>>> print(open('model05.pdb').read())   # PDB, C-alpha atoms
ATOM      1  CA  MET A 387     105.176 -97.889  45.598
ATOM      2  CA  ALA A 388     103.486 -94.525  44.932
ATOM      3  CA  THR A 389     102.426 -92.218  47.746
ATOM      4  CA  ILE A 390      99.175 -90.314  47.445
ATOM      5  CA  GLN A 391      99.024 -87.179  49.604
ATOM      6  CA  ILE A 392      95.595 -86.428  51.020
ATOM      7  CA  LYS A 393      94.365 -82.892  50.463
ATOM      8  CA  ARG A 394      92.715 -81.278  53.403
ATOM      9  CA  ARG A 395      91.971 -77.938  54.979
ATOM     10  CA  THR A 396      91.949 -76.617  58.485
ATOM     11  CA  THR A 397      88.861 -77.123  60.560
ATOM     12  CA  THR A 398      88.019 -73.423  60.707
ATOM     13  CA  GLY A 399      89.230 -72.657  57.224
ATOM     14  CA  SER A 400      91.277 -69.676  58.471
ATOM     15  CA  GLY A 401      94.870 -70.678  57.870
ATOM     16  CA  PRO A 402      97.263 -73.664  57.844
ATOM     17  CA  LEU A 403      97.631 -76.230  60.584
ATOM     18  CA  THR A 404      99.910 -74.720  63.221
ATOM     19  CA  GLY A 405     100.667 -75.436  66.864
ATOM     20  CA  THR A 406     102.147 -78.189  69.005
ATOM     21  CA  THR A 407      99.861 -80.991  67.714
ATOM     22  CA  GLY A 408      99.294 -82.535  64.317
ATOM     23  CA  ARG A 409     101.416 -83.703  61.408
ATOM     24  CA  VAL A 410     101.821 -82.839  57.718
ATOM     25  CA  LYS A 411     103.316 -84.552  54.689
ATOM     26  CA  ALA A 412     105.504 -82.822  52.086
ATOM     27  CA  GLY A 413     103.309 -81.465  49.295
ATOM     28  CA  GLU A 414     100.131 -81.697  51.332
ATOM     29  CA  PRO A 415      97.800 -78.750  50.528
ATOM     30  CA  GLN A 416      95.679 -76.842  52.967
ATOM     31  CA  VAL A 417      93.050 -74.281  51.914
ATOM     32  CA  ASP A 418      92.352 -71.063  53.801
ATOM     33  CA  PHE A 419      88.857 -70.075  52.681
ATOM     34  CA  ASN A 420      88.662 -66.931  54.777
ATOM     35  CA  GLY A 421      92.120 -65.595  53.897
ATOM     36  CA  GLN A 422      91.955 -66.876  50.294
ATOM     37  CA  HIS A 423      95.315 -68.675  50.458
ATOM     38  CA  LEU A 424      96.569 -72.140  49.549
ATOM     39  CA  TYR A 425      99.202 -73.570  51.876
ATOM     40  CA  ILE A 426     101.447 -76.486  50.770
ATOM     41  CA  ALA A 427     103.667 -78.244  53.320
ATOM     42  CA  LYS A 428     107.336 -78.009  52.547
ATOM     43  CA  ALA A 429     108.334 -81.246  54.281
ATOM     44  CA  ASP A 430     107.084 -84.045  56.525
ATOM     45  CA  LYS A 431     106.701 -82.786  60.068
ATOM     46  CA  THR A 432     105.100 -83.851  63.345
ATOM     47  CA  ALA A 433     104.351 -81.053  65.751
ATOM     48  CA  ASN A 434     105.348 -81.080  69.429
ATOM     49  CA  SER A 435     105.877 -78.535  72.183
ATOM     50  CA  SER A 436     109.516 -78.005  71.346
ATOM     51  CA  ASN A 437     109.034 -77.898  67.551
ATOM     52  CA  PRO A 438     105.516 -76.697  66.714
ATOM     53  CA  LEU A 439     104.072 -76.310  63.203
ATOM     54  CA  ALA A 440     104.320 -72.748  61.979
ATOM     55  CA  GLU A 441     103.207 -70.821  58.897
ATOM     56  CA  SER A 442     106.830 -70.831  57.716
ATOM     57  CA  ASP A 443     106.535 -74.636  57.199
ATOM     58  CA  TYR A 444     104.292 -73.971  54.180
ATOM     59  CA  LEU A 445     104.390 -72.391  50.778
ATOM     60  CA  LYS A 446     101.753 -69.647  50.883
ATOM     61  CA  ILE A 447      99.939 -69.164  47.560
ATOM     62  CA  PRO A 448      97.280 -66.407  47.449
ATOM     63  CA  GLY A 449      94.101 -66.566  45.365
ATOM     64  CA  VAL A 450      93.394 -64.269  42.411
ATOM     65  CA  GLY A 451      91.345 -61.807  44.435
ATOM     66  CA  LYS A 452      93.929 -61.762  47.153
ATOM     67  CA  VAL A 453      96.711 -61.179  44.647
ATOM     68  CA  ASN A 454      94.855 -58.227  43.144
ATOM     69  CA  ASN A 455      94.266 -56.700  46.565
ATOM     70  CA  GLN A 456      97.879 -57.200  47.548
ATOM     71  CA  ILE A 457      99.104 -55.600  44.306
ATOM     72  CA  ASP A 458      96.832 -52.595  44.762
ATOM     73  CA  THR A 459      97.962 -52.236  48.375
ATOM     74  CA  LYS A 460     101.631 -52.394  47.312
ATOM     75  CA  ILE A 461     101.148 -49.808  44.561
ATOM     76  CA  THR A 462      99.542 -47.454  47.079
ATOM     77  CA  ALA A 463     102.226 -48.099  49.688
ATOM     78  CA  LEU A 464     105.016 -47.382  47.181
ATOM     79  CA  ASN A 465     103.191 -44.298  45.848
ATOM     80  CA  LEU A 466     103.717 -45.504  42.293
ATOM     81  CA  GLY A 467     100.959 -43.307  40.845
ATOM     82  CA  THR A 468      99.277 -43.793  37.479
ATOM     83  CA  ALA A 469     102.555 -44.410  35.616
ATOM     84  CA  SER A 470     102.631 -47.940  37.053
ATOM     85  CA  THR A 471      99.547 -48.809  34.991
ATOM     86  CA  LYS A 472     100.946 -47.591  31.641
ATOM     87  CA  ASN A 473     102.633 -49.632  28.947
ATOM     88  CA  THR A 474     106.030 -48.718  27.509
ATOM     89  CA  GLY A 475     106.369 -47.636  23.896
ATOM     90  CA  THR A 476     106.215 -44.592  21.619
ATOM     91  CA  GLY A 477     102.468 -44.560  20.939
ATOM     92  CA  SER A 478      99.743 -42.445  22.506
ATOM     93  CA  GLY A 479      99.407 -43.106  26.250
ATOM     94  CA  ASN A 480     102.681 -45.063  26.412
ATOM     95  CA  ILE A 481     105.692 -44.360  28.584
ATOM     96  CA  PRO A 482     108.830 -43.999  26.384
ATOM     97  CA  VAL A 483     111.986 -45.927  27.247
ATOM     98  CA  LEU A 484     115.523 -44.513  26.979
ATOM     99  CA  ASN A 485     117.790 -46.054  24.343
ATOM    100  CA  SER A 486     121.270 -47.495  24.864
ATOM    101  CA  SER A 487     122.705 -43.955  24.931
ATOM    102  CA  GLY A 488     120.377 -42.939  27.754
ATOM    103  CA  LYS A 489     118.322 -40.670  25.474
ATOM    104  CA  LEU A 490     114.815 -40.624  24.054
ATOM    105  CA  VAL A 491     114.557 -41.747  20.438
ATOM    106  CA  ASP A 492     114.155 -39.055  17.741
ATOM    107  CA  SER A 493     110.546 -40.120  17.042
ATOM    108  CA  VAL A 494     109.596 -39.080  20.600
ATOM    109  CA  VAL A 495     111.720 -35.921  20.978
ATOM    110  CA  PRO A 496     113.330 -34.650  17.732
ATOM    111  CA  LYS A 497     116.928 -33.575  18.001
ATOM    112  CA  ILE A 498     117.476 -29.891  18.780
ATOM    113  CA  ALA A 499     120.834 -28.578  17.609
ATOM    114  CA  MET A 500     122.473 -25.524  19.186
ATOM    115  CA  THR A 501     123.995 -23.765  16.200
ATOM    116  CA  ASN A 502     127.779 -23.479  16.275
ATOM    117  CA  THR A 503     129.908 -21.568  13.778
ATOM    118  CA  TYR A 504     133.172 -22.958  12.403
ATOM    119  CA  VAL A 505     135.656 -20.959  10.327
ATOM    120  CA  VAL A 506     137.435 -23.246   7.846
ATOM    121  CA  SER A 507     139.922 -22.605   5.067
ATOM    122  CA  ASN A 508     138.549 -24.938   2.381
ATOM    123  CA  GLN A 509     136.111 -27.730   1.482
ATOM    124  CA  SER A 510     138.231 -30.513   2.969
ATOM    125  CA  ALA A 511     138.333 -28.777   6.335
ATOM    126  CA  MET A 512     134.550 -28.311   6.237
ATOM    127  CA  LEU A 513     133.934 -32.000   5.500
ATOM    128  CA  ALA A 514     136.207 -32.914   8.407
ATOM    129  CA  LEU A 515     134.087 -31.128  11.054
ATOM    130  CA  SER A 516     133.353 -34.263  13.097
ATOM    131  CA  SER A 517     131.696 -32.286  15.866
ATOM    132  CA  ALA A 518     129.284 -30.489  13.491
ATOM    133  CA  GLN A 519     125.573 -31.175  13.959
ATOM    134  CA  GLU A 520     122.507 -30.252  11.940
ATOM    135  CA  GLY A 521     122.110 -26.478  11.961
ATOM    136  CA  ASP A 522     125.825 -25.719  12.428
ATOM    137  CA  VAL A 523     127.443 -23.208  10.063
ATOM    138  CA  ALA A 524     130.819 -23.408   8.323
ATOM    139  CA  VAL A 525     132.392 -20.143   7.102
ATOM    140  CA  ARG A 526     134.634 -20.862   4.087
ATOM    141  CA  THR A 527     137.447 -18.298   3.870
ATOM    142  CA  ASP A 528     138.495 -19.590   0.450
ATOM    143  CA  LEU A 529     135.101 -18.818  -1.129
ATOM    144  CA  LYS A 530     134.034 -15.999   1.186
ATOM    145  CA  LYS A 531     130.794 -17.961   1.641
ATOM    146  CA  SER A 532     128.959 -19.750   4.458
ATOM    147  CA  PHE A 533     127.316 -23.194   4.497
ATOM    148  CA  ILE A 534     124.814 -24.780   6.934
ATOM    149  CA  LEU A 535     124.690 -28.509   7.714
ATOM    150  CA  LYS A 536     121.144 -29.564   6.762
ATOM    151  CA  SER A 537     121.522 -33.291   7.521
ATOM    152  CA  THR A 538     124.097 -35.833   8.598
ATOM    153  CA  PRO A 539     126.711 -37.026   7.887
ATOM    154  CA  TYR A 540     128.923 -33.949   7.969
ATOM    155  CA  SER A 541     131.401 -35.612   5.603
ATOM    156  CA  SER A 542     129.035 -35.405   2.607
ATOM    157  CA  LEU A 543     129.240 -32.201   0.566
ATOM    158  CA  ALA A 544     125.597 -32.634  -0.495
ATOM    159  CA  ASN A 545     124.528 -32.201   3.134
ATOM    160  CA  TRP A 546     125.999 -28.672   3.297
ATOM    161  CA  GLN A 547     123.637 -25.955   2.016
ATOM    162  CA  GLU A 548     125.105 -22.627   0.897
ATOM    163  CA  LEU A 549     123.615 -19.602   2.662
ATOM    164  CA  LEU A 550     122.654 -17.044   0.034
ATOM    165  CA  SER A 551     123.786 -13.435   0.365
ATOM    166  CA  PRO A 552     121.461 -10.472  -0.378
ATOM    167  CA  THR A 553     121.296  -9.671  -4.093
ATOM    168  CA  ASP A 554     120.479  -5.960  -3.713
ATOM    169  CA  ALA A 555     123.966  -4.937  -2.573
ATOM    170  CA  VAL A 556     126.507  -3.230  -4.869
ATOM    171  CA  SER A 557     128.484  -6.033  -6.507
ATOM    172  CA  SER A 558     131.133  -3.888  -8.207
ATOM    173  CA  VAL A 559     132.149  -0.276  -8.933
ATOM    174  CA  ASN A 560     133.321   0.428 -12.483
ATOM    175  CA  GLY A 561     134.233  -3.276 -12.754
ATOM    176  CA  ILE A 562     136.151  -3.294  -9.441
ATOM    177  CA  THR A 563     135.041  -5.678  -6.657
ATOM    178  CA  GLY A 564     135.975  -6.030  -2.991
ATOM    179  CA  ALA A 565     136.929  -3.007  -0.890
ATOM    180  CA  VAL A 566     136.815  -0.268  -3.555
ATOM    181  CA  THR A 567     138.441   3.147  -3.018
ATOM    182  CA  ILE A 568     136.818   5.768  -5.255
ATOM    183  CA  SER A 569     139.221   7.928  -7.269
ATOM    184  CA  LEU A 570     139.047   9.823 -10.553
ATOM    185  CA  ALA A 571     141.460   7.388 -12.156
ATOM    186  CA  GLY A 572     139.459   4.429 -10.826
ATOM    187  CA  LEU A 573     136.344   5.822 -12.470
ATOM    188  CA  GLY A 574     138.132   6.218 -15.799
ATOM    189  CA  GLY A 575     139.049   9.881 -15.348
ATOM    190  CA  VAL A 576     142.343  11.717 -15.000
ATOM    191  CA  SER A 577     144.479  11.522 -11.895
ATOM    192  CA  ASN A 578     143.835  13.834  -8.947
ATOM    193  CA  THR A 579     147.088  15.690  -9.688
ATOM    194  CA  THR A 580     146.086  16.354 -13.283
ATOM    195  CA  PHE A 581     142.584  17.378 -12.212
ATOM    196  CA  ASN A 582     143.877  19.863  -9.626
ATOM    197  CA  THR A 583     146.320  21.332 -12.174
ATOM    198  CA  HIS A 584     143.512  21.930 -14.674
ATOM    199  CA  LYS A 585     141.154  23.164 -11.977
ATOM    200  CA  ASP A 586     143.533  25.956 -10.963
ATOM    201  CA  ASN A 587     144.121  27.295 -14.501
ATOM    202  CA  THR A 588     142.380  27.623 -17.851
ATOM    203  CA  SER A 589     144.813  25.592 -19.962
ATOM    204  CA  HIS A 590     142.167  22.935 -20.616
ATOM    205  CA  LEU A 591     139.698  25.496 -22.017
ATOM    206  CA  THR A 592     139.316  26.706 -25.575
ATOM    207  CA  GLU A 593     140.176  30.269 -26.493
ATOM    208  CA  THR A 594     136.478  31.129 -26.793
ATOM    209  CA  GLN A 595     135.766  29.718 -23.335
ATOM    210  CA  ARG A 596     138.623  31.701 -21.799
ATOM    211  CA  THR A 597     137.328  34.896 -23.488
ATOM    212  CA  ILE A 598     133.839  34.331 -22.090
ATOM    213  CA  LEU A 599     135.157  33.711 -18.597
ATOM    214  CA  SER A 600     137.360  36.825 -18.706
ATOM    215  CA  THR A 601     134.302  39.014 -19.258
ATOM    216  CA  ILE A 602     132.288  37.515 -16.409
ATOM    217  CA  ALA A 603     131.998  39.669 -13.329
ATOM    218  CA  ASP A 604     130.220  39.333 -10.013
ATOM    219  CA  ALA A 605     128.279  42.615  -9.839
ATOM    220  CA  ARG A 606     126.518  43.761  -6.667
ATOM    221  CA  ILE A 607     124.381  46.819  -5.822
ATOM    222  CA  TYR A 608     123.565  47.567  -2.202
ATOM    223  CA  GLU A 609     120.535  49.501  -0.969
ATOM    224  CA  SER A 610     120.333  51.507   2.215
ATOM    225  CA  THR A 611     117.582  52.851   4.495
ATOM    226  CA  GLY A 612     115.186  55.131   2.624
ATOM    227  CA  THR A 613     115.378  53.308  -0.690
ATOM    228  CA  SER A 614     112.065  52.511  -2.355
ATOM    229  CA  LEU A 615     111.326  49.954  -5.043
ATOM    230  CA  ALA A 616     109.356  50.732  -8.166
ATOM    231  CA  SER A 617     106.380  48.485  -8.781
ATOM    232  CA  SER A 618     106.899  48.392 -12.577
ATOM    233  CA  SER A 619     109.141  49.731 -15.313
ATOM    234  CA  THR A 620     106.566  52.414 -16.086
ATOM    235  CA  ASN A 621     106.399  53.401 -12.450
ATOM    236  CA  TYR A 622     110.161  53.534 -12.369
ATOM    237  CA  ALA A 623     110.415  55.773 -15.466
ATOM    238  CA  SER A 624     107.854  58.237 -14.106
ATOM    239  CA  LYS A 625     109.611  58.631 -10.769
ATOM    240  CA  ALA A 626     113.306  58.507 -11.681
ATOM    241  CA  ILE A 627     115.256  61.736 -12.261
ATOM    242  CA  TYR A 628     116.958  61.611 -15.602
ATOM    243  CA  LYS A 629     120.666  61.077 -14.983
ATOM    244  CA  GLY A 630     120.021  61.683 -11.322
ATOM    245  CA  LEU A 631     122.192  58.757 -10.176
ATOM    246  CA  VAL A 632     125.941  58.465 -10.336
ATOM    247  CA  MET A 633     127.583  54.964 -10.306
ATOM    248  CA  TYR A 634     131.214  54.044  -9.928
ATOM    249  CA  PRO A 635     132.481  50.448 -10.492
ATOM    250  CA  ILE A 636     135.199  48.993  -8.251
ATOM    251  CA  ILE A 637     136.806  45.894  -9.789
ATOM    252  CA  ASP A 638     138.337  43.334  -7.364
ATOM    253  CA  SER A 639     140.475  40.806  -9.290
ATOM    254  CA  ASP A 640     141.276  38.752  -6.153
ATOM    255  CA  TYR A 641     138.043  36.839  -6.779
ATOM    256  CA  THR A 642     137.448  34.259  -9.512
ATOM    257  CA  PRO A 643     135.536  35.376 -11.429
ATOM    258  CA  LYS A 644     136.495  38.969 -10.632
ATOM    259  CA  ARG A 645     134.026  40.909  -8.486
ATOM    260  CA  ILE A 646     132.637  44.333  -9.509
ATOM    261  CA  THR A 647     131.127  46.491  -6.758
ATOM    262  CA  TYR A 648     129.210  49.634  -7.731
ATOM    263  CA  GLN A 649     129.089  52.734  -5.578
ATOM    264  CA  LEU A 650     125.814  54.562  -6.079
ATOM    265  CA  GLY A 651     125.076  58.247  -5.435
ATOM    266  CA  ILE A 652     122.850  61.161  -6.539
ATOM    267  CA  ASP A 653     124.035  63.797  -9.003
ATOM    268  CA  GLU A 654     124.147  66.963  -6.912
ATOM    269  CA  THR A 655     123.241  69.100  -9.934
ATOM    270  CA  LYS A 656     119.874  67.382 -10.141
ATOM    271  CA  VAL A 657     118.589  68.239  -6.671
ATOM    272  CA  LEU A 658     118.280  71.324  -4.444
ATOM    273  CA  GLN A 659     120.898  71.787  -1.788
ATOM    274  CA  PRO A 660     121.375  74.359   1.005
ATOM    275  CA  THR A 661     123.762  76.230  -1.274
ATOM    276  CA  SER A 662     121.539  76.144  -4.364
ATOM    277  CA  VAL A 663     120.526  79.555  -5.885
ATOM    278  CA  ILE A 664     116.911  79.931  -6.958
ATOM    279  CA  ASP A 665     116.842  82.518  -9.721
ATOM    280  CA  GLY A 666     113.286  82.201 -10.779
ATOM    281  CA  GLY A 667     114.229  80.089 -13.697
ATOM    282  CA  THR A 668     113.292  76.480 -14.376
ATOM    283  CA  TYR A 669     114.713  73.955 -12.106
TER
END
>>> encode(input="model05.pdb", output="structure tokens")
Amino acid sequence: MATIQIKRRTTTGSGPLTGTTGRVKAGEPQVDFNGQHLYIAKADKTANSSNPLAESDYLKIPGVGKVNNQIDTKITALNLGTASTKNTGTGSGNIPVLNSSGKLVDSVVPKIAMTNTYVVSNQSAMLALSSAQEGDVAVRTDLKKSFILKSTPYSSLANWQELLSPTDAVSSVNGITGAVTISLAGLGGVSNTTFNTHKDNTSHLTETQRTILSTIADARIYESTGTSLASSSTNYASKAIYKGLVMYPIIDSDYTPKRITYQLGIDETKVLQPTSVIDGGTY
């Protein structure tokens, strides 16, 4: 035989039936109009002084308005802020969620690689750099070149981009590359020993060249206080005393070419001196 529970509410409409009098049946609803709650009795119970009806004897179901107020009150109490009203995702206005590695996905925050440099001996060693990330550089000692990892995986040669060296540097000297030491022989000339031997003598010259060099001299004439300079050759000829100067060359063969120094003086027969005799003639 089916049992029909009678729905009812409290007389004042301000809560469930509580106290030392009254009885409820399991599943019986009671409406609280003022508090906006629905109370449903959990079990059959008759109230008395030793076992009164209490609010804990009911399931308390709030209304929509009450639920909204309670949620707002809880958000304020927990100080959740505006983030509690946002959806998760990677679009505009969304809150991103960490992936299984505890990191943000690349579409939200692109990976930033701190460049590391690895010195390797060959290609196989470069392709085995398991710790290399995008932007890392491998210095190949076998090629004397450097490569940068432009994308993963590190094990693919196509993902390593060669770093170009400047093209304006000297690539070779007389066909020699690397650390070049300049020497006469390296430039296609004679050895230093042979060069020094020829430099210190005239054996590498022709007879004509040696004759020309033997006649070369370093001549010098010194002037002293009281010397005047003629302004032209005509001025010089009009002022100079014919054969009035006496010159004497001093040859110094310790120099190469030899140095000739001239001593310059005045012919005493061409000028008056304290001992000169004036005889009325022409002088």
>>> atom_distance(input="model05.pdb", atom1="atom CA of A:Phe533", atom2="atom CA of A:Ala565")
23.0 Å
>>> residues_around(input="model05.pdb", residues="stretch 405-414 of chain A", least_positions_apart="6", cutoff="7 Å", atoms="all atoms listed in the file", output="list in words")
Gln391, Ile392, Lys393, Ile426, Ala427, Lys428, Ala429, Asp430, Lys431, Thr432, Ala433, Asn434, Ser435, Pro438, Leu439 and Ala440 of chain A
>>> closest_residue(input="model05.pdb", among="A:Val657, A:Thr476, A:Ser400, A:Met512", to="A:Val495", atoms="all atoms listed in the file")
A:Thr476
>>> residues_around(input="model05.pdb", residues="A:Ile534", least_positions_apart="6", cutoff="7 Å", atoms="only C-alpha atoms", output="JSON, numbers by chain")
{"A": [521, 522, 523, 524, 546, 547, 548, 549]}
>>> atom_distance(input="model05.pdb", atom1="atom CA of A:Asn578", atom2="atom CA of A:Gly561")
20.0 Å
>>> atom_distance(input="model05.pdb", atom1="atom CA of A:Leu631", atom2="atom CA of A:Ser600")
28.0 Å
>>> residues_around(input="model05.pdb", residues="stretch 451-458 of chain A", least_positions_apart="3", cutoff="9 Å", atoms="all atoms listed in the file", output="list in words")
Gly421, Gln422, His423, Pro448, Ile461, Thr462 and Ala463 of chain A
>>> resolve_selection(input="model05.pdb", expression="the PyMOL selection byres ((chain A and resi 541) around 9)", output="ChimeraX atom specification")
/A:510,512-516,538-540,542-545
>>> resolve_selection(input="model05.pdb", expression="the PyMOL selection byres ((chain A and resi 646) around 12)", output="PyMOL selection string")
chain A and resi 601-607+633-645+647-649
